[in-house]
$ cat data14.csv   # CSV, C-alpha atoms
chain,number,residue,atom,x,y,z
J,1,MET,CA,172.8,-73.5,162.3
J,2,PRO,CA,169.4,-71.8,161.5
J,3,ILE,CA,171.0,-68.7,159.9
J,4,ILE,CA,172.3,-69.5,156.4
J,5,VAL,CA,174.6,-67.2,154.6
J,6,ASN,CA,173.9,-67.0,150.8
J,7,LEU,CA,177.0,-65.0,150.0
J,8,ASP,CA,178.2,-67.5,147.4
J,9,VAL,CA,174.9,-67.2,145.6
J,10,MET,CA,175.0,-63.4,145.5
J,11,MET,CA,178.7,-63.4,144.5
J,12,ALA,CA,177.8,-65.7,141.6
J,13,LYS,CA,174.9,-63.5,140.5
J,14,ARG,CA,177.1,-60.4,140.5
J,15,LYS,CA,180.0,-62.4,139.0
J,16,VAL,CA,182.4,-61.3,141.8
J,17,GLY,CA,185.2,-63.6,142.9
J,18,LEU,CA,186.2,-64.2,146.5
J,19,MET,CA,189.7,-62.6,146.2
J,20,ASP,CA,188.2,-59.6,144.4
J,21,LEU,CA,185.5,-59.1,147.0
J,22,ALA,CA,187.9,-59.5,149.9
J,23,GLU,CA,190.2,-56.9,148.4
J,24,ARG,CA,187.4,-54.4,147.9
J,25,MET,CA,186.1,-55.0,151.4
J,26,ASN,CA,189.6,-54.8,152.9
J,27,ILE,CA,189.3,-58.1,154.8
J,28,THR,CA,191.3,-61.3,154.3
J,29,PRO,CA,190.1,-63.9,151.9
J,30,ALA,CA,190.3,-66.4,154.8
J,31,ASN,CA,187.7,-64.4,156.8
J,32,LEU,CA,185.4,-64.0,153.8
J,33,SER,CA,185.7,-67.7,153.2
J,34,ILE,CA,184.6,-68.4,156.8
J,35,LEU,CA,181.5,-66.3,156.2
J,36,LYS,CA,180.8,-67.9,152.8
J,37,ASN,CA,181.1,-71.4,154.1
J,38,ASN,CA,178.6,-70.8,157.0
J,39,LYS,CA,181.4,-71.2,159.6
J,40,ALA,CA,181.1,-67.7,161.1
J,41,LYS,CA,179.5,-67.3,164.5
J,42,ALA,CA,178.6,-63.6,164.1
J,43,VAL,CA,178.7,-60.9,161.5
J,44,ARG,CA,179.3,-57.2,162.3
J,45,PHE,CA,176.9,-54.7,160.9
J,46,SER,CA,179.8,-52.9,159.3
J,47,THR,CA,180.8,-56.0,157.4
J,48,LEU,CA,177.2,-56.6,156.3
J,49,GLU,CA,177.0,-53.0,155.1
J,50,GLN,CA,180.2,-53.4,153.1
J,51,ILE,CA,178.9,-56.7,151.5
J,52,CYS,CA,175.6,-55.0,150.6
J,53,ARG,CA,177.4,-52.0,149.1
J,54,GLU,CA,179.8,-54.1,147.1
J,55,LEU,CA,177.3,-56.6,145.8
J,56,ASN,CA,174.5,-54.0,145.5
J,57,CYS,CA,172.0,-56.1,147.5
J,58,GLN,CA,169.9,-56.2,150.7
J,59,PRO,CA,170.8,-58.0,153.9
J,60,GLY,CA,167.9,-60.3,153.3
J,61,ASP,CA,169.6,-61.4,150.0
J,62,ILE,CA,172.7,-62.5,152.0
J,63,LEU,CA,171.1,-63.9,155.2
J,64,GLU,CA,168.3,-66.5,155.4
J,65,TYR,CA,166.6,-68.1,158.4
J,66,SER,CA,165.8,-71.7,158.2
J,67,GLU,CA,164.4,-73.8,161.0
J,68,GLU,CA,167.0,-76.4,162.1
J,69,THR,CA,166.4,-79.9,160.9
J,70,PRO,CA,165.6,-82.1,163.9
J,71,ASP,CA,168.3,-84.7,164.7
J,72,PHE,CA,166.0,-87.7,163.9
J,73,MET,CA,165.4,-86.4,160.4
J,74,LYS,CA,169.1,-85.9,159.5
A,1,MET,CA,215.5,-61.6,182.8
A,2,ASN,CA,212.9,-63.3,180.5
A,3,ILE,CA,210.5,-64.6,183.2
A,4,PRO,CA,208.4,-66.9,180.9
A,5,LYS,CA,211.5,-68.7,179.6
A,6,PHE,CA,212.9,-68.9,183.2
A,7,THR,CA,209.7,-70.5,184.3
A,8,LYS,CA,209.9,-73.0,181.4
A,9,TYR,CA,213.4,-73.9,182.3
A,10,LEU,CA,212.4,-74.3,186.0
A,11,ILE,CA,209.6,-76.7,185.0
A,12,ASP,CA,212.1,-78.6,182.8
A,13,ILE,CA,214.6,-78.9,185.7
A,14,LEU,CA,211.9,-79.9,188.2
A,15,LEU,CA,210.6,-82.6,185.7
A,16,ALA,CA,214.1,-84.0,185.3
A,17,VAL,CA,214.8,-84.0,189.1
A,18,SER,CA,211.3,-85.5,189.8
A,19,ALA,CA,212.0,-88.3,187.3
A,20,LEU,CA,215.4,-89.0,188.9
A,21,CYS,CA,214.0,-89.0,192.4
A,22,VAL,CA,211.3,-91.5,191.4
A,23,LEU,CA,213.9,-93.8,189.8
A,24,ALA,CA,216.0,-93.6,193.0
A,25,ILE,CA,213.2,-94.5,195.4
A,26,PRO,CA,213.7,-98.3,195.2
A,27,PHE,CA,217.3,-97.9,196.1
A,28,LEU,CA,217.0,-95.5,199.1
A,29,PRO,CA,218.6,-96.8,202.3
A,30,LYS,CA,216.4,-97.8,205.2
A,31,GLY,CA,217.9,-95.1,207.3
A,32,PHE,CA,216.3,-92.5,205.0
A,33,PHE,CA,212.8,-93.6,206.1
A,34,LEU,CA,213.6,-93.0,209.8
A,35,TYR,CA,212.6,-89.4,209.2
A,36,PHE,CA,209.1,-90.6,208.4
A,37,THR,CA,208.4,-93.5,210.7
A,38,ALA,CA,209.8,-94.9,214.0
A,39,ASN,CA,209.3,-98.4,212.7
A,40,GLU,CA,212.6,-99.4,211.0
A,41,GLY,CA,211.0,-102.3,209.2
A,42,ASP,CA,208.1,-100.5,207.6
A,43,THR,CA,209.8,-99.1,204.5
A,44,LEU,CA,207.8,-101.0,201.8
A,45,THR,CA,204.6,-99.0,202.5
A,46,LEU,CA,206.5,-95.7,202.4
A,47,ARG,CA,208.4,-96.7,199.2
A,48,LEU,CA,205.1,-97.5,197.5
A,49,VAL,CA,203.6,-94.2,198.6
A,50,LEU,CA,206.6,-92.3,197.5
A,51,LEU,CA,206.8,-94.2,194.2
A,52,SER,CA,203.2,-93.8,193.3
A,53,SER,CA,203.0,-90.1,194.3
A,54,GLY,CA,206.3,-89.5,192.7
A,55,LEU,CA,205.1,-90.9,189.4
A,56,LEU,CA,201.9,-88.9,189.6
A,57,SER,CA,203.9,-85.7,190.4
A,58,THR,CA,206.1,-86.3,187.4
A,59,ALA,CA,203.0,-86.7,185.3
A,60,ILE,CA,201.7,-83.4,186.7
A,61,LEU,CA,205.0,-81.6,185.8
A,62,PHE,CA,205.0,-83.1,182.3
A,63,THR,CA,201.4,-81.9,181.7
A,64,LEU,CA,202.3,-78.5,183.2
A,65,ARG,CA,205.2,-78.3,180.7
A,66,GLN,CA,202.8,-79.0,177.8
A,67,LEU,CA,200.5,-76.2,179.1
A,68,TYR,CA,203.3,-73.7,179.5
A,69,SER,CA,204.6,-74.6,176.0
A,70,SER,CA,201.3,-73.7,174.5
A,71,MET,CA,201.4,-70.3,176.3
A,72,LEU,CA,204.9,-69.6,174.9
A,73,ALA,CA,203.7,-70.6,171.4
A,74,GLY,CA,201.1,-67.8,171.7
A,75,ASP,CA,198.0,-69.9,171.9
A,76,PRO,CA,197.0,-70.4,175.6
A,77,PHE,CA,193.3,-70.4,175.1
A,78,ASN,CA,192.9,-73.4,172.9
A,79,ARG,CA,190.6,-76.4,173.3
A,80,LYS,CA,193.3,-78.7,174.6
A,81,ASN,CA,194.4,-76.7,177.7
A,82,PRO,CA,191.2,-77.2,179.7
A,83,ALA,CA,191.6,-80.9,179.4
A,84,LEU,CA,195.3,-80.7,180.5
A,85,LEU,CA,194.2,-78.6,183.6
A,86,GLY,CA,191.5,-81.2,184.4
A,87,ARG,CA,194.2,-83.9,184.1
A,88,ILE,CA,196.4,-82.1,186.6
A,89,GLY,CA,193.5,-81.7,189.0
A,90,ILE,CA,192.7,-85.4,188.8
A,91,LEU,CA,196.3,-86.4,189.3
A,92,GLY,CA,196.4,-84.1,192.4
A,93,LEU,CA,193.3,-85.7,193.7
A,94,VAL,CA,194.7,-89.2,193.3
A,95,ILE,CA,197.9,-88.1,195.2
A,96,ALA,CA,195.6,-86.7,198.0
A,97,ALA,CA,193.8,-90.1,198.1
A,98,ILE,CA,197.1,-92.0,198.3
A,99,TYR,CA,198.3,-89.8,201.2
A,100,GLY,CA,194.8,-90.0,202.7
A,101,LEU,CA,195.2,-93.8,202.8
A,102,LYS,CA,198.7,-93.4,204.2
A,103,LEU,CA,197.3,-91.2,206.9
A,104,ILE,CA,195.2,-94.1,208.1
A,105,PHE,CA,198.2,-96.4,208.6
A,106,ILE,CA,201.0,-93.9,209.3
A,107,PRO,CA,199.4,-90.7,210.7
A,108,THR,CA,201.6,-87.7,210.7
A,109,PHE,CA,200.8,-84.0,210.6
A,110,GLY,CA,202.9,-83.6,207.5
A,111,THR,CA,200.8,-86.2,205.7
A,112,MET,CA,197.6,-84.4,206.7
A,113,MET,CA,199.0,-81.1,205.2
A,114,ILE,CA,199.9,-82.9,202.0
A,115,VAL,CA,196.3,-84.2,201.7
A,116,ILE,CA,194.8,-80.8,202.2
A,117,ILE,CA,197.3,-79.1,199.8
A,118,PHE,CA,196.5,-81.6,197.0
A,119,ILE,CA,192.8,-81.3,197.5
A,120,VAL,CA,193.2,-77.5,197.2
A,121,CYS,CA,195.3,-78.1,194.1
A,122,PHE,CA,192.5,-80.2,192.6
A,123,LEU,CA,189.9,-77.5,193.2
A,124,PHE,CA,192.2,-74.8,191.9
A,125,CYS,CA,192.9,-76.8,188.7
A,126,PHE,CA,189.3,-77.5,188.0
A,127,THR,CA,188.4,-73.8,188.5
A,128,LEU,CA,191.1,-72.9,186.0
A,129,ARG,CA,189.9,-75.6,183.7
A,130,ASP,CA,186.4,-74.0,183.5
A,131,LEU,CA,188.0,-70.6,183.2
A,132,PHE,CA,190.2,-71.6,180.3
A,133,ALA,CA,187.3,-73.4,178.6
A,134,ARG,CA,185.2,-70.2,178.7
A,135,ALA,CA,188.1,-68.2,177.5
A,136,ALA,CA,188.6,-70.6,174.5
A,137,ASN,CA,184.9,-70.1,173.7
A,138,TYR,CA,185.2,-66.3,173.8
A,139,LYS,CA,188.3,-66.4,171.7
A,140,GLU,CA,186.7,-68.7,169.1
A,141,GLU,CA,183.6,-66.5,168.9
A,142,ASN,CA,185.8,-63.4,168.5
A,143,GLU,CA,187.8,-65.1,165.7
A,144,LEU,CA,184.7,-66.3,164.0
A,145,THR,CA,183.0,-62.9,164.1
A,146,ILE,CA,183.5,-61.4,160.6
$ encode --input "data14.csv" --output "structure tokens"
Amino acid sequence: MPIIVNLDVMMAKRKVGLMDLAERMNITPANLSILKNNKAKAVRFSTLEQICRELNCQPGDILEYSEETPDFMK
Amino acid sequence: MNIPKFTKYLIDILLAVSALCVLAIPFLPKGFFLYFTANEGDTLTLRLVLLSSGLLSTAILFTLRQLYSSMLAGDPFNRKNPALLGRIGILGLVIAAIYGLKLIFIPTFGTMMIVIIFIVCFLFCFTLRDLFARAANYKEENELTI
């Protein structure tokens, strides 16, 4: 997928654990894990806002666009 | 009355009756077939048609049972159900083909109706298959939207 979620990087920088962040954001650890592992298909702006508030960062710190690797190069 | 459970029991009963009927076909007396053909000797063709369509109908009911069980379990829009619906459609089409072949050798109005009904069944199931596949996509997207 071209959009990469760097939530784990930001969480490590801020020294915040998954359970702790999920509790602060009032979402389940399972859902946060889906986001962290790049399995999510979409993110709500409200969720992005909560992440940025809790981790004191910008959306660009969490989301990154990377051109897809063509199949023949994989 | 719990309608979903009643429907499930009805499917179970029909499945059992269908299986019993299929098992009984080889043992049906010749007189039974006088309702379908004037030719007393021509029971082998009819037995084969009934046996093959009976087996396929039992398979349809078995697949329907799996489909309905997933609905009762609270997960109707999963990835498996479109495939099950496709299977029911194909089985219906094969039944239509069997009776279409029978129509050539033993033409009756009832047989023609069966062919038309099972072709409609095939079209209906394939439409539902595409619908359920789309619904499963939407459900997955919704579940994976954080």
$ atom_distance --input "data14.csv" --atom1 "CA of Thr63 (chain A)" --atom2 "CA of Thr108 (chain A)"
29.6 Å
$ closest_atom_pairs --input "data14.csv" --of "chain A" --to "chain J" --cutoff "12 Å" --atoms "all atoms listed in the file" --output "tab-separated table"
residue	atom	partner	partner_atom	distance
A:Asn137	CA	J:Lys41	CA	11.0
A:Tyr138	CA	J:Lys41	CA	11.0
A:Lys139	CA	J:Lys41	CA	11.4
A:Glu140	CA	J:Lys41	CA	8.7
A:Glu141	CA	J:Lys41	CA	6.1
A:Asn142	CA	J:Lys41	CA	8.4
A:Glu143	CA	J:Ala40	CA	8.5
A:Leu144	CA	J:Ala40	CA	4.8
A:Thr145	CA	J:Ala42	CA	4.5
A:Ile146	CA	J:Val43	CA	4.9
$ write_last_selection --input "data14.csv" --atoms "C-alpha atoms" --output "compact mmCIF listing (two decimals), keeping the file's coordinate frame"
# COMPACT_ATOMS: atom_id res chain seq x y z
CA ASN A 137 184.90 -70.10 173.70
CA TYR A 138 185.20 -66.30 173.80
CA LYS A 139 188.30 -66.40 171.70
CA GLU A 140 186.70 -68.70 169.10
CA GLU A 141 183.60 -66.50 168.90
CA ASN A 142 185.80 -63.40 168.50
CA GLU A 143 187.80 -65.10 165.70
CA LEU A 144 184.70 -66.30 164.00
CA THR A 145 183.00 -62.90 164.10
CA ILE A 146 183.50 -61.40 160.60
$ residues_around --input "data14.csv" --residues "Asn38 (chain J)" --least-positions-apart "6" --cutoff "10 Å" --atoms "all atoms listed in the file" --output "PyMOL selection string"
chain J and resi 1+3-7
$ closest_residue --input "data14.csv" --among "A:Ile11, A:Ala83, A:Cys21, A:Leu103" --to "Phe62 (chain A)" --atoms "only C-alpha atoms"
A:Ile11
$ closest_residue --input "data14.csv" --among "J:Glu54, J:Glu67, J:Asp61, J:Glu49" --to "Ala22 (chain J)" --atoms "all atoms listed in the file"
J:Glu54
$ residues_around --input "data14.csv" --residues "region 125-129 of chain A" --least-positions-apart "4" --cutoff "10 Å" --atoms "only C-alpha atoms" --output "PyMOL selection string"
chain A and resi 81-90+92+119-121+133-135
$ atom_distance --input "data14.csv" --atom1 "CA of Met112 (chain A)" --atom2 "CA of Ala96 (chain A)"
9.2 Å
$ atom_distance --input "data14.csv" --atom1 "CA of Ala97 (chain A)" --atom2 "CA of Ser69 (chain A)"
29.1 Å
$ decode --input "data14.csv" --residues "region 1-14 of chain J" --atoms "all heavy atoms" --output "JSON list (two decimals), in the first residue's frame"
[["chain", "number", "residue", "atom", "x", "y", "z"],
["J", 1, "MET", "N", 0.86, -1.19, 0.00],
["J", 1, "MET", "CA", 0.00, 0.00, 0.00],
["J", 1, "MET", "C", 0.89, 1.23, 0.00],
["J", 1, "MET", "O", 1.83, 1.32, 0.77],
["J", 1, "MET", "CB", -0.87, -0.03, 1.26],
["J", 1, "MET", "CG", -1.87, 1.06, 1.32],
["J", 1, "MET", "SD", -3.43, 0.51, 1.94],
["J", 1, "MET", "CE", -4.29, 2.04, 2.06],
["J", 2, "PRO", "N", 0.61, 2.25, -0.80],
["J", 2, "PRO", "CA", 1.47, 3.43, -0.90],
["J", 2, "PRO", "C", 1.55, 4.27, 0.38],
["J", 2, "PRO", "O", 2.54, 4.95, 0.59],
["J", 2, "PRO", "CB", 0.85, 4.24, -2.03],
["J", 2, "PRO", "CG", 0.04, 3.28, -2.80],
["J", 2, "PRO", "CD", -0.43, 2.28, -1.82],
["J", 3, "ILE", "N", 0.47, 4.26, 1.20],
["J", 3, "ILE", "CA", 0.49, 5.08, 2.42],
["J", 3, "ILE", "C", 1.04, 4.22, 3.56],
["J", 3, "ILE", "O", 0.49, 3.16, 3.87],
["J", 3, "ILE", "CB", -0.91, 5.58, 2.80],
["J", 3, "ILE", "CG1", -1.50, 6.44, 1.68],
["J", 3, "ILE", "CG2", -0.88, 6.35, 4.12],
["J", 3, "ILE", "CD1", -0.82, 7.79, 1.48],
["J", 4, "ILE", "N", 2.12, 4.71, 4.17],
["J", 4, "ILE", "CA", 2.75, 3.97, 5.27],
["J", 4, "ILE", "C", 2.43, 4.70, 6.57],
["J", 4, "ILE", "O", 2.53, 5.93, 6.64],
["J", 4, "ILE", "CB", 4.27, 3.87, 5.07],
["J", 4, "ILE", "CG1", 4.56, 3.11, 3.77],
["J", 4, "ILE", "CG2", 4.95, 3.19, 6.25],
["J", 4, "ILE", "CD1", 5.98, 3.19, 3.31],
["J", 5, "VAL", "N", 2.05, 3.95, 7.58],
["J", 5, "VAL", "CA", 1.74, 4.54, 8.89],
["J", 5, "VAL", "C", 2.94, 4.33, 9.80],
["J", 5, "VAL", "O", 3.31, 3.18, 10.09],
["J", 5, "VAL", "CB", 0.47, 3.87, 9.50],
["J", 5, "VAL", "CG1", 0.18, 4.47, 10.86],
["J", 5, "VAL", "CG2", -0.72, 4.07, 8.57],
["J", 6, "ASN", "N", 3.54, 5.44, 10.20],
["J", 6, "ASN", "CA", 4.74, 5.36, 11.05],
["J", 6, "ASN", "C", 4.40, 5.58, 12.53],
["J", 6, "ASN", "O", 5.16, 6.21, 13.27],
["J", 6, "ASN", "CB", 5.77, 6.41, 10.60],
["J", 6, "ASN", "CG", 6.31, 6.10, 9.23],
["J", 6, "ASN", "OD1", 6.60, 4.95, 8.90],
["J", 6, "ASN", "ND2", 6.45, 7.12, 8.40],
["J", 7, "LEU", "N", 3.28, 5.02, 12.93],
["J", 7, "LEU", "CA", 2.81, 5.20, 14.31],
["J", 7, "LEU", "C", 3.79, 4.57, 15.31],
["J", 7, "LEU", "O", 4.07, 5.15, 16.36],
["J", 7, "LEU", "CB", 1.42, 4.58, 14.46],
["J", 7, "LEU", "CG", 0.75, 4.74, 15.83],
["J", 7, "LEU", "CD1", 0.55, 6.21, 16.16],
["J", 7, "LEU", "CD2", -0.59, 4.01, 15.85],
["J", 8, "ASP", "N", 4.33, 3.41, 14.94],
["J", 8, "ASP", "CA", 5.24, 2.72, 15.86],
["J", 8, "ASP", "C", 6.52, 3.55, 16.09],
["J", 8, "ASP", "O", 7.04, 3.60, 17.21],
["J", 8, "ASP", "CB", 5.59, 1.32, 15.35],
["J", 8, "ASP", "CG", 6.00, 1.31, 13.88],
["J", 8, "ASP", "OD1", 5.85, 2.36, 13.23],
["J", 8, "ASP", "OD2", 6.45, 0.27, 13.38],
["J", 9, "VAL", "N", 6.96, 4.25, 15.03],
["J", 9, "VAL", "CA", 8.16, 5.09, 15.15],
["J", 9, "VAL", "C", 7.90, 6.23, 16.12],
["J", 9, "VAL", "O", 8.71, 6.51, 17.03],
["J", 9, "VAL", "CB", 8.56, 5.64, 13.76],
["J", 9, "VAL", "CG1", 9.68, 6.65, 13.89],
["J", 9, "VAL", "CG2", 8.97, 4.50, 12.82],
["J", 10, "MET", "N", 6.75, 6.90, 15.93],
["J", 10, "MET", "CA", 6.40, 8.04, 16.78],
["J", 10, "MET", "C", 6.15, 7.59, 18.22],
["J", 10, "MET", "O", 6.52, 8.29, 19.17],
["J", 10, "MET", "CB", 5.16, 8.74, 16.19],
["J", 10, "MET", "CG", 4.91, 10.14, 16.69],
["J", 10, "MET", "SD", 6.33, 11.24, 16.78],
["J", 10, "MET", "CE", 6.86, 11.32, 15.10],
["J", 11, "MET", "N", 5.54, 6.43, 18.38],
["J", 11, "MET", "CA", 5.29, 5.90, 19.73],
["J", 11, "MET", "C", 6.62, 5.62, 20.44],
["J", 11, "MET", "O", 6.76, 5.87, 21.63],
["J", 11, "MET", "CB", 4.46, 4.61, 19.65],
["J", 11, "MET", "CG", 2.98, 4.85, 19.44],
["J", 11, "MET", "SD", 2.06, 3.36, 19.01],
["J", 11, "MET", "CE", 2.26, 2.39, 20.46],
["J", 12, "ALA", "N", 7.58, 5.11, 19.68],
["J", 12, "ALA", "CA", 8.90, 4.81, 20.26],
["J", 12, "ALA", "C", 9.61, 6.12, 20.64],
["J", 12, "ALA", "O", 10.22, 6.20, 21.71],
["J", 12, "ALA", "CB", 9.74, 4.02, 19.26],
["J", 13, "LYS", "N", 9.47, 7.15, 19.79],
["J", 13, "LYS", "CA", 10.10, 8.45, 20.07],
["J", 13, "LYS", "C", 9.53, 9.07, 21.34],
["J", 13, "LYS", "O", 10.24, 9.67, 22.14],
["J", 13, "LYS", "CB", 9.87, 9.41, 18.91],
["J", 13, "LYS", "CG", 10.83, 9.24, 17.75],
["J", 13, "LYS", "CD", 10.64, 10.33, 16.71],
["J", 13, "LYS", "CE", 11.56, 10.10, 15.54],
["J", 13, "LYS", "NZ", 11.29, 11.02, 14.43],
["J", 14, "ARG", "N", 8.22, 8.92, 21.50],
["J", 14, "ARG", "CA", 7.55, 9.53, 22.67],
["J", 14, "ARG", "C", 7.51, 8.57, 23.85],
["J", 14, "ARG", "O", 6.99, 8.91, 24.91],
["J", 14, "ARG", "CB", 6.10, 9.94, 22.31],
["J", 14, "ARG", "CG", 6.01, 10.97, 21.19],
["J", 14, "ARG", "CD", 6.45, 12.36, 21.64],
["J", 14, "ARG", "NE", 6.24, 13.33, 20.57],
["J", 14, "ARG", "CZ", 7.23, 13.77, 19.77],
["J", 14, "ARG", "NH1", 8.47, 13.34, 19.92],
["J", 14, "ARG", "NH2", 6.97, 14.65, 18.81]]
